[in-house]
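Novice: entry26.cif is reproduced below (mmCIF, C-alpha atoms).
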data_input
loop_
_atom_site.label_atom_id
_atom_site.label_comp_id
_atom_site.auth_asym_id
_atom_site.auth_seq_id
_atom_site.Cartn_x
_atom_site.Cartn_y
_atom_site.Cartn_z
CA MET V 149 116.70 -70.68 125.79
CA LEU V 150 113.29 -71.05 127.36
CA THR V 151 111.48 -67.82 128.23
CA LEU V 152 108.45 -67.26 130.43
CA HIS V 153 106.33 -64.36 129.19
CA ALA V 154 104.33 -63.39 132.27
CA ALA V 155 101.44 -60.97 132.73
CA PRO V 156 98.70 -60.18 135.22
CA VAL V 157 96.19 -61.59 132.69
CA VAL V 158 96.78 -64.26 130.04
CA ARG V 159 94.09 -65.01 127.46
CA ARG V 160 94.37 -68.12 125.30
CA THR V 161 92.00 -66.59 122.73
CA PRO V 162 90.70 -63.05 122.21
CA GLY V 163 87.73 -62.58 124.51
CA ASP V 164 88.69 -65.71 126.50
CA ALA V 165 85.88 -66.12 129.05
CA ALA V 166 88.21 -67.86 131.50
CA PRO V 167 91.52 -65.95 131.42
CA LEU V 168 94.39 -66.94 133.67
CA TYR V 169 95.57 -64.46 136.29
CA ASP V 170 99.22 -64.01 137.33
CA ALA V 171 100.09 -66.45 134.58
CA ALA V 172 102.67 -67.02 131.88
CA VAL V 173 103.38 -68.61 128.54
CA ALA V 174 106.52 -70.75 128.41
CA VAL V 175 108.23 -70.34 125.04
CA ASP V 176 110.90 -72.78 123.87
CA GLY V 177 112.41 -71.72 120.57
CA ASP V 178 109.53 -70.88 118.24
CA ARG V 179 106.94 -72.99 120.10
CA ILE V 180 104.76 -72.69 123.18
CA ALA V 181 105.88 -75.24 125.76
CA ALA V 182 103.18 -74.55 128.36
CA ILE V 183 100.60 -72.04 129.59
CA GLY V 184 99.71 -71.71 133.25
CA PRO V 185 100.16 -69.96 136.59
CA LEU V 186 103.47 -68.12 136.72
CA GLU V 187 104.66 -69.70 139.97
CA GLU V 188 103.93 -73.19 138.68
CA LEU V 189 105.86 -72.51 135.47
CA ARG V 190 108.76 -71.03 137.46
CA ARG V 191 108.98 -74.33 139.38
CA THR V 192 108.70 -76.38 136.19
CA TYR V 193 111.31 -74.28 134.34
CA PRO V 194 113.64 -72.94 137.07
CA ARG V 195 116.31 -71.80 134.57
CA ALA V 196 113.91 -69.97 132.29
CA ARG V 197 114.35 -66.29 131.61
CA VAL V 198 111.28 -64.38 132.80
CA ARG V 199 109.87 -61.37 130.97
CA GLU V 200 107.17 -59.71 133.01
CA TRP V 201 104.71 -57.59 131.06
CA PRO V 202 102.05 -55.19 132.31
CA GLY V 203 98.63 -55.62 130.74
CA GLU V 204 97.07 -58.58 128.96
CA LEU V 205 99.11 -61.20 127.16
CA GLY V 206 97.41 -63.25 124.49
CA PRO V 207 97.69 -64.53 120.96
CA ALA V 208 99.04 -62.12 118.37
CA LEU V 209 96.50 -60.83 115.90
CA VAL V 210 95.74 -61.69 112.29
CA HIS V 211 95.75 -58.46 110.26
CA GLU V 212 92.87 -58.79 107.81
CA GLY V 213 93.11 -55.44 106.00
CA PRO V 214 95.65 -53.75 103.76
CA VAL V 215 99.16 -53.46 105.14
CA PRO V 216 99.67 -49.92 106.54
CA ASP V 217 101.49 -47.41 104.37
CA ALA V 218 105.09 -46.60 105.23
CA PRO V 219 108.22 -45.50 103.33
CA SER V 220 109.57 -49.04 102.82
CA PRO V 221 108.28 -52.63 102.78
CA ARG V 222 110.22 -53.36 106.00
CA GLU V 223 108.57 -50.42 107.75
CA ARG V 224 105.15 -51.51 106.48
CA ILE V 225 105.67 -54.94 108.07
CA HIS V 226 106.98 -53.35 111.27
CA ALA V 227 103.76 -51.31 111.42
CA LEU V 228 101.86 -54.61 111.68
CA LEU V 229 104.12 -55.78 114.50
CA ARG V 230 103.55 -52.52 116.39
CA ARG V 231 99.82 -53.33 116.25
CA GLY V 232 100.32 -56.82 117.70
CA ALA V 233 99.78 -58.66 114.40
CA THR V 234 101.99 -61.54 113.33
CA ALA V 235 99.88 -62.81 110.44
CA VAL V 236 98.51 -61.17 107.30
CA LEU V 237 96.31 -62.33 104.45
CA THR V 238 98.00 -63.20 101.14
CA ARG V 239 95.74 -60.86 99.16
CA HIS V 240 97.24 -57.87 101.02
CA LEU V 241 100.83 -58.65 100.04
CA GLY V 242 100.59 -57.54 96.43
CA ASP V 243 104.22 -56.97 95.50
CA ALA V 244 107.30 -59.15 95.77
CA GLU V 245 109.19 -56.71 98.03
CA LEU V 246 106.37 -56.66 100.57
CA ARG V 247 106.10 -60.48 100.51
CA ALA V 248 109.87 -60.73 101.02
CA ALA V 249 109.74 -58.29 103.95
CA ALA V 250 106.92 -60.33 105.52
CA HIS V 251 108.96 -63.51 105.10
CA ARG V 252 112.09 -61.93 106.63
CA GLY V 253 110.01 -60.64 109.55
CA GLY V 254 108.55 -64.07 110.26
CA ILE V 255 105.01 -62.90 109.51
CA ALA V 256 102.62 -65.80 108.83
CA VAL V 257 100.95 -65.40 105.44
CA LEU V 258 97.45 -66.86 105.37
CA ASP V 259 95.04 -67.60 102.55
CA ARG V 260 92.09 -66.89 104.87
CA PRO V 261 91.65 -65.55 108.39
CA ARG V 262 91.99 -67.93 111.33
CA PRO V 263 91.10 -67.32 114.95
CA PRO V 264 94.23 -66.49 116.95
CA ALA V 265 94.90 -68.82 119.87
CA LEU V 266 97.66 -69.83 122.27
CA ALA V 267 98.17 -73.56 122.61
CA PRO V 268 100.98 -75.84 123.75
CA GLU V 269 103.13 -76.88 120.78
CA GLY V 270 101.66 -74.03 118.70
CA ARG V 271 103.79 -71.31 117.16
CA ALA V 272 104.78 -68.74 119.80
CA ASP V 273 103.07 -65.65 118.37
CA LEU V 274 102.15 -63.45 121.34
CA ALA V 275 101.08 -59.88 121.93
CA VAL V 276 100.69 -57.77 125.07
CA PHE V 277 98.13 -54.97 125.21
CA ASP V 278 97.54 -52.27 127.81
CA ALA V 279 94.11 -51.26 129.14
CA ASP V 280 93.66 -48.82 126.24
CA GLY V 281 94.32 -51.52 123.64
CA GLU V 282 97.80 -50.25 122.74
CA CYS V 283 100.28 -52.97 121.85
CA LEU V 284 103.13 -53.08 124.35
CA ALA V 285 105.03 -56.04 122.88
CA THR V 286 104.88 -58.50 120.00
CA VAL V 287 106.58 -61.88 119.83
CA VAL V 288 106.88 -63.65 116.46
CA ALA V 289 107.72 -67.35 116.58
CA GLY V 290 109.39 -66.87 119.96
CA ARG V 291 111.37 -63.71 119.05
CA LEU V 292 110.57 -60.39 120.69
CA VAL V 293 110.25 -58.10 117.66
CA HIS V 294 108.43 -55.07 119.09
CA ARG V 295 108.44 -53.48 122.51
CA ARG V 296 106.91 -50.10 123.28
CA ARG V 297 109.25 -48.12 125.45
#
Once you've parsed the file, please lay out its structure as structure tokens.
Specialist:
Amino acid sequence: MLTLHAAPVVRRTPGDAAPLYDAAVAVDGDRIAAIGPLEELRRTYPRARVREWPGELGPALVHEGPVPDAPSPRERIHALLRRGATAVLTRHLGDAELRAAAHRGGIAVLDRPRPPALAPEGRADLAVFDADGECLATVVAGRLVHRRR
């Protein structure tokens, strides 16, 4: 099912100098189908489910430091998702249980950092942040995996 993730501001990259306003990201499965004005995407995809988010929607983050401490590997990975990160560097996944939890959670494991970006046909890794920088929602490969209540 196609989903439109809509927000007052959509940034294709962190610090995007030309953000889109009242825009959305169309997600089809685990891929981005389109990025553009919400009303235009509603016309293009009239049967799409629409999730409207407050704040800024943009690419999910790459976590470049150690994975946060938590009681279990699953909870350590979920701590990344709560921060809006959907990728982590290989060197920070030292044990097999943590690597397995990252794999189950759909976390991208990278050899080196890469700049996060939203692009058509790219993997649908999105995050929504409020004005204070708190992560409101995280989408990994098209699946909503974290939502702050």
Novice: List as number ranges by chain: which residues have an atom within 10 Å of (109.7, -61.1, 121.8), counting all atoms listed in the file?
Specialist: V: 151, 153, 175, 199, 272-275, 285-295
Novice: Calculated over all atoms listed in the file, which of the candidates V:Leu284, V:Glu200, V:Gly213, V:Ala172 has the smallest distance to V:Leu229?
Specialist: V:Leu284
Novice: Smallest atom-to-atom distance to V:Ile180: which of V:Arg252, V:Arg160, V:Arg222, V:Arg297, using all atoms listed in the file?
Specialist: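 Residue with the minimum atom-to-atom distance to V:Ile180: V:Arg160.
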Novice: Pick from V:Ala249, V:Cys283, V:Leu209, V:Leu241: nearest to V:Pro261, with only C-alpha atoms counted?
Specialist: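 Closest to V:Pro261, using only C-alpha atoms: V:Leu209.
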Novice: Find the distance between atom CA of V:Pro263 and atom CA of V:Pro185 and write it in Å to one decimal.
Specialist: 23.6 Å
Novice: Kindly give the distance, in Å, that separates atom CA of V:Tyr193 and atom CA of V:Asp170, rounded to a single decimal.
Specialist: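 Pair atom CA of V:Tyr193 / atom CA of V:Asp170 returns 16.1 Å.
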Novice: Fewer than 5 positions away in the same chain doesn't count, so skip those; otherwise give me all residues within 8 Å of V:Val173, counting only C-alpha atoms, as an NGL selection string.
Specialist: :V and (152-154 or 180-184)
Novice: Keeping only C-alpha atoms, write the selected residues to a file as a PDB file, keeping the file's coordinate frame.
Specialist:
ATOM      1  CA  LEU V 152     108.450 -67.260 130.430  1.00  0.00           C
ATOM      2  CA  HIS V 153     106.330 -64.360 129.190  1.00  0.00           C
ATOM      3  CA  ALA V 154     104.330 -63.390 132.270  1.00  0.00           C
ATOM      4  CA  ILE V 180     104.760 -72.690 123.180  1.00  0.00           C
ATOM      5  CA  ALA V 181     105.880 -75.240 125.760  1.00  0.00           C
ATOM      6  CA  ALA V 182     103.180 -74.550 128.360  1.00  0.00           C
ATOM      7  CA  ILE V 183     100.600 -72.040 129.590  1.00  0.00           C
ATOM      8  CA  GLY V 184      99.710 -71.710 133.250  1.00  0.00           C
TER       9      GLY V 184
END
Novice: With all atoms listed in the file counted, which protein, DNA or RNA residues have an atom no more than 8 Å from (90.4, -63.1, 116.3) in the file frame? Please answer as an mmCIF file with C-alpha atoms, in the frame of the given file.
Specialist:
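So part-v2.cif came out as:
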data_model
loop_
_atom_site.group_PDB
_atom_site.id
_atom_site.type_symbol
_atom_site.label_atom_id
_atom_site.label_comp_id
_atom_site.auth_asym_id
_atom_site.auth_seq_id
_atom_site.Cartn_x
_atom_site.Cartn_y
_atom_site.Cartn_z
ATOM 1 C CA THR V 161 92.000 -66.590 122.730
ATOM 2 C CA PRO V 162 90.700 -63.050 122.210
ATOM 3 C CA LEU V 209 96.500 -60.830 115.900
ATOM 4 C CA VAL V 210 95.740 -61.690 112.290
ATOM 5 C CA ARG V 262 91.990 -67.930 111.330
ATOM 6 C CA PRO V 263 91.100 -67.320 114.950
ATOM 7 C CA PRO V 264 94.230 -66.490 116.950
#
